[in-house]
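Engineer: Okay, so here is protein17.cif, and as you'll see once you scroll down, it has mmCIF, C-alpha atoms.
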```cif
data_model
loop_
_atom_site.label_atom_id
_atom_site.label_comp_id
_atom_site.auth_asym_id
_atom_site.auth_seq_id
_atom_site.Cartn_x
_atom_site.Cartn_y
_atom_site.Cartn_z
CA MET A 8 89.27 74.56 82.52
CA ALA A 9 88.78 72.34 85.55
CA LEU A 10 91.61 74.11 87.37
CA THR A 11 90.03 77.51 86.64
CA ALA A 12 86.69 76.31 88.01
CA LEU A 13 88.42 74.94 91.11
CA PHE A 14 90.09 78.29 91.84
CA PHE A 15 86.83 80.12 91.16
CA TYR A 16 84.89 78.09 93.72
CA LEU A 17 87.80 78.36 96.17
CA PHE A 18 88.03 82.16 95.91
CA ALA A 19 84.24 82.54 95.96
CA ALA A 20 83.80 80.34 99.03
CA VAL A 21 86.54 82.13 100.98
CA THR A 22 85.13 85.54 99.96
CA VAL A 23 81.64 84.65 101.18
CA MET A 24 82.98 83.14 104.40
CA SER A 25 85.17 86.19 105.06
CA GLY A 26 82.24 88.53 104.44
CA LEU A 27 80.11 86.67 106.96
CA LEU A 28 82.92 86.72 109.54
CA VAL A 29 83.29 90.49 109.07
CA ILE A 30 79.70 90.87 110.23
CA VAL A 31 79.66 88.38 113.10
CA ALA A 32 83.15 89.08 114.48
CA ARG A 33 83.04 90.53 118.00
CA ASN A 34 86.48 92.12 117.83
CA PRO A 35 86.62 94.99 115.29
CA VAL A 36 90.31 94.32 114.60
CA HIS A 37 89.47 90.74 113.63
CA ALA A 38 86.65 92.09 111.46
CA VAL A 39 89.11 94.28 109.55
CA LEU A 40 91.47 91.33 109.06
CA TRP A 41 88.61 89.23 107.67
CA LEU A 42 87.72 92.16 105.40
CA ILE A 43 91.27 92.22 104.04
CA LEU A 44 91.05 88.49 103.33
CA ALA A 45 87.77 89.06 101.48
CA PHE A 46 89.40 91.77 99.35
CA PHE A 47 92.29 89.50 98.40
CA ASN A 48 89.98 86.69 97.32
CA ALA A 49 87.79 89.12 95.38
CA ALA A 50 90.97 90.25 93.61
CA GLY A 51 91.62 86.61 92.74
CA LEU A 52 88.16 86.42 91.16
CA PHE A 53 88.95 89.50 89.06
CA VAL A 54 92.17 87.87 87.86
CA LEU A 55 90.22 84.78 86.78
CA LEU A 56 87.85 87.04 84.83
CA GLY A 57 90.79 88.65 83.01
CA ALA A 58 90.42 91.99 84.82
CA GLU A 59 93.91 92.18 86.28
CA PHE A 60 93.78 95.98 86.52
CA LEU A 61 90.70 95.85 88.75
CA ALA A 62 92.39 93.19 90.88
CA MET A 63 95.43 95.42 91.34
CA ILE A 64 93.26 98.43 92.20
CA LEU A 65 91.32 96.36 94.73
CA VAL A 66 94.52 95.30 96.48
CA VAL A 67 96.35 98.64 96.31
CA VAL A 68 93.43 100.96 97.16
CA TYR A 69 91.16 98.93 99.41
CA VAL A 70 93.65 96.66 101.14
CA GLY A 71 96.60 99.04 101.15
CA ALA A 72 94.69 102.18 102.10
CA VAL A 73 91.08 101.81 103.19
CA ALA A 74 91.28 98.61 105.24
CA VAL A 75 94.63 99.47 106.86
CA LEU A 76 93.46 103.02 107.63
CA PHE A 77 90.27 101.66 109.18
CA LEU A 78 92.38 99.27 111.25
CA PHE A 79 94.52 102.14 112.56
CA VAL A 80 91.41 104.21 113.35
CA VAL A 81 89.84 101.33 115.28
CA MET A 82 93.03 100.73 117.26
CA MET A 83 93.68 104.42 118.04
CA LEU A 84 90.19 105.67 118.89
CA ASP A 85 88.39 104.94 122.13
CA VAL A 86 85.36 103.23 120.63
CA ASP A 87 82.49 102.18 122.87
CA PHE A 88 81.85 98.70 121.50
CA ALA A 89 78.90 98.11 123.85
CA SER A 90 76.96 100.98 122.27
CA LEU A 91 77.91 99.74 118.79
CA ARG A 92 76.53 96.29 119.56
CA ALA A 93 73.36 97.85 120.97
CA GLY A 94 72.91 99.85 117.77
CA PHE A 95 73.49 96.71 115.72
CA ILE A 96 70.74 94.86 117.55
CA ARG A 97 68.38 97.85 117.26
CA HIS A 98 68.81 98.05 113.47
CA ALA A 99 69.01 94.30 112.86
CA SER A 100 65.54 94.19 111.30
CA VAL A 101 66.42 96.87 108.73
CA GLY A 102 69.66 95.09 107.91
CA ALA A 103 67.83 91.79 107.50
CA LEU A 104 65.35 93.44 105.12
CA VAL A 105 68.14 94.92 102.99
CA GLY A 106 69.94 91.58 102.96
CA LEU A 107 66.76 89.83 101.85
CA VAL A 108 66.31 92.28 98.98
CA LEU A 109 69.89 91.73 97.85
CA LEU A 110 69.42 87.95 98.06
CA VAL A 111 66.32 88.15 95.87
CA GLU A 112 68.19 90.29 93.33
CA LEU A 113 71.07 87.81 93.22
CA ILE A 114 68.66 84.93 92.70
CA MET A 115 67.01 86.83 89.85
CA VAL A 116 70.38 87.53 88.23
CA LEU A 117 71.44 83.90 88.52
CA GLY A 118 68.09 82.71 87.20
CA THR A 119 67.95 84.84 84.05
CA ARG A 120 67.95 81.76 81.83
CA VAL A 121 64.87 80.44 83.65
CA LEU A 122 62.81 83.67 83.70
CA THR A 123 61.99 83.62 79.99
CA GLY A 124 58.33 84.43 80.56
CA ALA A 125 59.25 87.78 82.16
CA GLY A 126 61.07 88.94 79.06
CA VAL A 127 64.50 88.00 80.33
CA GLY A 128 65.79 85.27 78.04
CA ALA A 129 69.09 83.55 77.59
CA GLY A 130 70.03 86.00 74.86
CA ALA A 131 69.77 88.93 77.26
CA VAL A 132 73.02 88.02 78.97
CA LYS A 133 75.77 89.28 76.70
CA THR A 134 79.42 90.06 77.17
CA ALA A 135 80.88 93.44 76.36
CA VAL A 136 82.50 93.79 72.95
CA THR A 137 86.16 94.65 73.42
CA ASP A 138 89.08 95.11 71.07
CA PRO A 139 91.54 92.22 71.49
CA ASN A 140 94.40 94.58 70.72
CA LEU A 141 93.65 96.73 73.77
CA THR A 142 94.94 95.95 77.22
CA ASN A 143 92.61 95.72 80.17
CA THR A 144 93.80 99.05 81.58
CA GLU A 145 93.46 100.90 78.27
CA ALA A 146 89.96 99.53 77.66
CA ILE A 147 88.77 100.66 81.11
CA GLY A 148 90.36 104.08 80.62
CA ARG A 149 88.66 104.60 77.28
CA LEU A 150 85.27 103.70 78.76
CA LEU A 151 85.69 105.90 81.85
CA TYR A 152 86.99 108.99 80.08
CA THR A 153 84.81 108.85 76.95
CA GLN A 154 81.46 107.11 77.33
CA TYR A 155 81.10 107.41 81.13
CA VAL A 156 83.09 110.59 81.75
CA TYR A 157 80.14 112.51 83.25
CA PHE A 158 79.25 109.68 85.60
CA PHE A 159 82.92 109.40 86.57
CA GLN A 160 83.12 113.11 87.37
CA ALA A 161 79.82 112.94 89.30
CA ALA A 162 81.19 110.08 91.38
CA GLY A 163 84.29 112.17 92.14
CA LEU A 164 82.14 115.11 93.28
CA ILE A 165 80.05 112.83 95.51
CA LEU A 166 83.20 111.45 97.12
CA LEU A 167 84.52 114.99 97.64
CA VAL A 168 81.28 116.06 99.35
CA ALA A 169 81.37 112.92 101.50
CA MET A 170 84.96 113.63 102.54
CA ILE A 171 84.19 117.26 103.46
CA GLY A 172 81.07 116.16 105.34
CA ALA A 173 83.02 113.57 107.34
CA ILE A 174 85.61 116.21 108.30
CA VAL A 175 82.93 118.72 109.34
CA LEU A 176 80.98 116.16 111.39
CA THR A 177 84.03 114.85 113.25
CA LEU A 178 85.75 118.21 113.83
CA ARG A 179 85.54 119.17 117.49
CA HIS A 180 87.09 122.28 119.05
CA LYS A 181 88.23 121.88 122.63
CA GLU A 182 87.86 124.81 125.00
CA GLY A 183 91.00 126.33 126.49
CA VAL A 184 93.26 125.35 123.59
CA ARG A 185 95.31 128.15 122.04
CA ARG A 186 94.91 128.28 118.28
CA GLN A 187 96.54 130.22 115.50
CA SER A 188 94.90 133.21 113.86
CA ILE A 189 96.30 133.53 110.35
CA SER A 190 95.00 137.08 109.83
CA VAL A 191 96.60 138.30 113.08
CA GLN A 192 99.89 136.64 112.23
CA ASN A 193 99.97 138.18 108.75
CA ALA A 194 99.23 141.63 110.23
CA ARG A 195 102.06 141.50 112.76
CA THR A 196 104.71 144.18 112.55
CA PRO A 197 108.23 144.25 114.02
CA ALA A 198 107.00 146.59 116.71
CA MET A 199 104.40 144.02 117.78
CA ALA A 200 106.81 141.09 117.72
CA VAL A 201 109.88 142.63 119.38
CA GLU A 202 110.02 144.53 122.66
CA VAL A 203 113.20 146.42 123.53
CA VAL A 204 113.77 146.68 127.27
CA LYS A 205 116.48 148.77 128.87
CA LEU A 206 117.73 147.43 132.16
CA ALA A 207 119.63 149.25 134.78
CA PRO A 208 122.85 147.70 136.12
CA GLY A 209 121.94 144.76 138.37
CA GLN A 210 118.29 144.63 137.24
CA VAL A 211 116.78 141.41 135.86
CA ILE A 212 113.49 140.39 134.25
CA VAL A 213 111.61 137.48 135.73
CA PRO A 214 109.29 135.32 133.55
CA SER A 215 106.20 137.25 134.72
CA GLY A 216 107.62 140.39 133.05
CA GLU A 217 108.34 142.33 136.20
CA ARG A 218 111.66 144.05 136.76
CA ARG A 219 113.61 143.42 139.88
CA GLY A 220 116.68 145.19 141.01
#
```
Any chance you could put this one into structure tokens?
Structural biologist:
Amino acid sequence: MALTALFFYLFAAVTVMSGLLVIVARNPVHAVLWLILAFFNAAGLFVLLGAEFLAMILVVVYVGAVAVLFLFVVMMLDVDFASLRAGFIRHASVGALVGLVLLVELIMVLGTRVLTGAGVGAGAVKTAVTDPNLTNTEAIGRLLYTQYVYFFQAAGLILLVAMIGAIVLTLRHKEGVRRQSISVQNARTPAMAVEVVKLAPGQVIVPSGERRG
């Protein structure tokens, strides 16, 4: 039990420290690396809670896809970091307000045993009833696809709309670039694609299409 508590405090401390370094890091590449470290330690917390499936999903999806993809995007795009820092300073007050609200909510969650006068007693904190014969993955699957199937599908639709919106907002057409026209290509005939030219003896065709003898 003491070893479990030691690992819990270790993972929790590193997760909080990594989250703070993600925010204060000046180099965006370093921020992504700190974010990956935070994900790994959060996965360790899930393992301690017995949610090994969530820990695996956190590592495979967020570390293996989202964080690495964000790292490649940061390294490949020409990002104006000066304007990003200026925007961060401009919206610092809003971010501080949101952070304060989250801090108050966390304090209320941690102090549920103290706030008995507000109707939140010690008996209000209960663990979910699970079948010991079910694995962690099967239990999550049954909850997602039975009791919360509509919320799960709604979350998928929201993510789909967000993905389409991101593509539409970032799509830029450059002028002077030749692009394909699928309808024109499908309507092409052999007469449009092939030109038969008869040349006289000693006559050649230069790249401009003119005939020279």
Engineer: As an exercise, work out the distance from atom CA of A:Val108 to atom CA of A:Phe18 in Å and give it to one decimal place.
Structural biologist: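 Computing the Euclidean distance for atom CA of A:Val108 and atom CA of A:Phe18 yields 24.2 Å.
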Engineer: Can you turn the PyMOL selection byres ((chain A and resi 142-158) around 12) into a concrete residue list for this file, as a PyMOL selection string?
Structural biologist: chain A and resi 53-54+56-64+135-141+159-165
Engineer: For the selection you just gave me, I'd like the residues written to a file as a tab-separated table (two decimals), keeping the file's coordinate frame, keeping C-alpha atoms.
Structural biologist:
```
chain	number	residue	atom	x	y	z
A	53	PHE	CA	88.95	89.50	89.06
A	54	VAL	CA	92.17	87.87	87.86
A	56	LEU	CA	87.85	87.04	84.83
A	57	GLY	CA	90.79	88.65	83.01
A	58	ALA	CA	90.42	91.99	84.82
A	59	GLU	CA	93.91	92.18	86.28
A	60	PHE	CA	93.78	95.98	86.52
A	61	LEU	CA	90.70	95.85	88.75
A	62	ALA	CA	92.39	93.19	90.88
A	63	MET	CA	95.43	95.42	91.34
A	64	ILE	CA	93.26	98.43	92.20
A	135	ALA	CA	80.88	93.44	76.36
A	136	VAL	CA	82.50	93.79	72.95
A	137	THR	CA	86.16	94.65	73.42
A	138	ASP	CA	89.08	95.11	71.07
A	139	PRO	CA	91.54	92.22	71.49
A	140	ASN	CA	94.40	94.58	70.72
A	141	LEU	CA	93.65	96.73	73.77
A	159	PHE	CA	82.92	109.40	86.57
A	160	GLN	CA	83.12	113.11	87.37
A	161	ALA	CA	79.82	112.94	89.30
A	162	ALA	CA	81.19	110.08	91.38
A	163	GLY	CA	84.29	112.17	92.14
A	164	LEU	CA	82.14	115.11	93.28
A	165	ILE	CA	80.05	112.83	95.51
```
Engineer: Report the distance between atom CA of A:Leu17 and atom CA of A:Phe46 in Å, rounded to one decimal place.
Structural biologist: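 Pair atom CA of A:Leu17 / atom CA of A:Phe46 returns 13.9 Å.
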Engineer: Just need the box for stretch 163-180 of chain A, edges along x, y and z, holding every atom the file lists for it with 5 Å tacked onto each side, so centre and edge lengths in Å to one decimal, as lines of an AutoDock Vina configuration file.
Structural biologist:
```
center_x = 83.6
center_y = 116.9
center_z = 105.6
size_x = 17.0
size_y = 20.8
size_z = 36.9
```
Engineer: Report, in Å to a single decimal, how far apart atom CA of A:Val168 and atom CA of A:Arg186 are.
Structural biologist: 26.3 Å
Engineer: For A:Ile43, which of A:Ala20, A:Phe15, A:Leu78, A:Ala194 is the closest residue, counting all atoms listed in the file?
Structural biologist: A:Leu78
Engineer: Nearest residue to A:Val73 out of A:Val111, A:Ala32, A:Ala103, A:Val39, using all atoms listed in the file?
Structural biologist: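 Once distances to A:Val73 are computed over all atoms listed in the file, the minimum belongs to A:Val39.
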Engineer: Quick one: of A:Ala49, A:Val175, A:Leu40, A:Ile114, who's nearest to A:Phe79, counting only C-alpha atoms?
Structural biologist: A:Leu40
Engineer: Pick out the closest residue to A:Val75 from this set: A:Leu178, A:Leu10, A:Ala38, A:Ala198. Count all atoms listed in the file.
Structural biologist: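 When distances to A:Val75 are compared using all atoms listed in the file, the smallest one comes from A:Ala38.
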Engineer: Rank nothing, just name the residue among A:His37, A:Ile30, A:Val201, A:Ala19 nearest to A:Ala50, using only C-alpha atoms.
Structural biologist: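 Comparing A:His37, A:Ile30, A:Val201, A:Ala19 against A:Ala50, the winner is A:Ala19.
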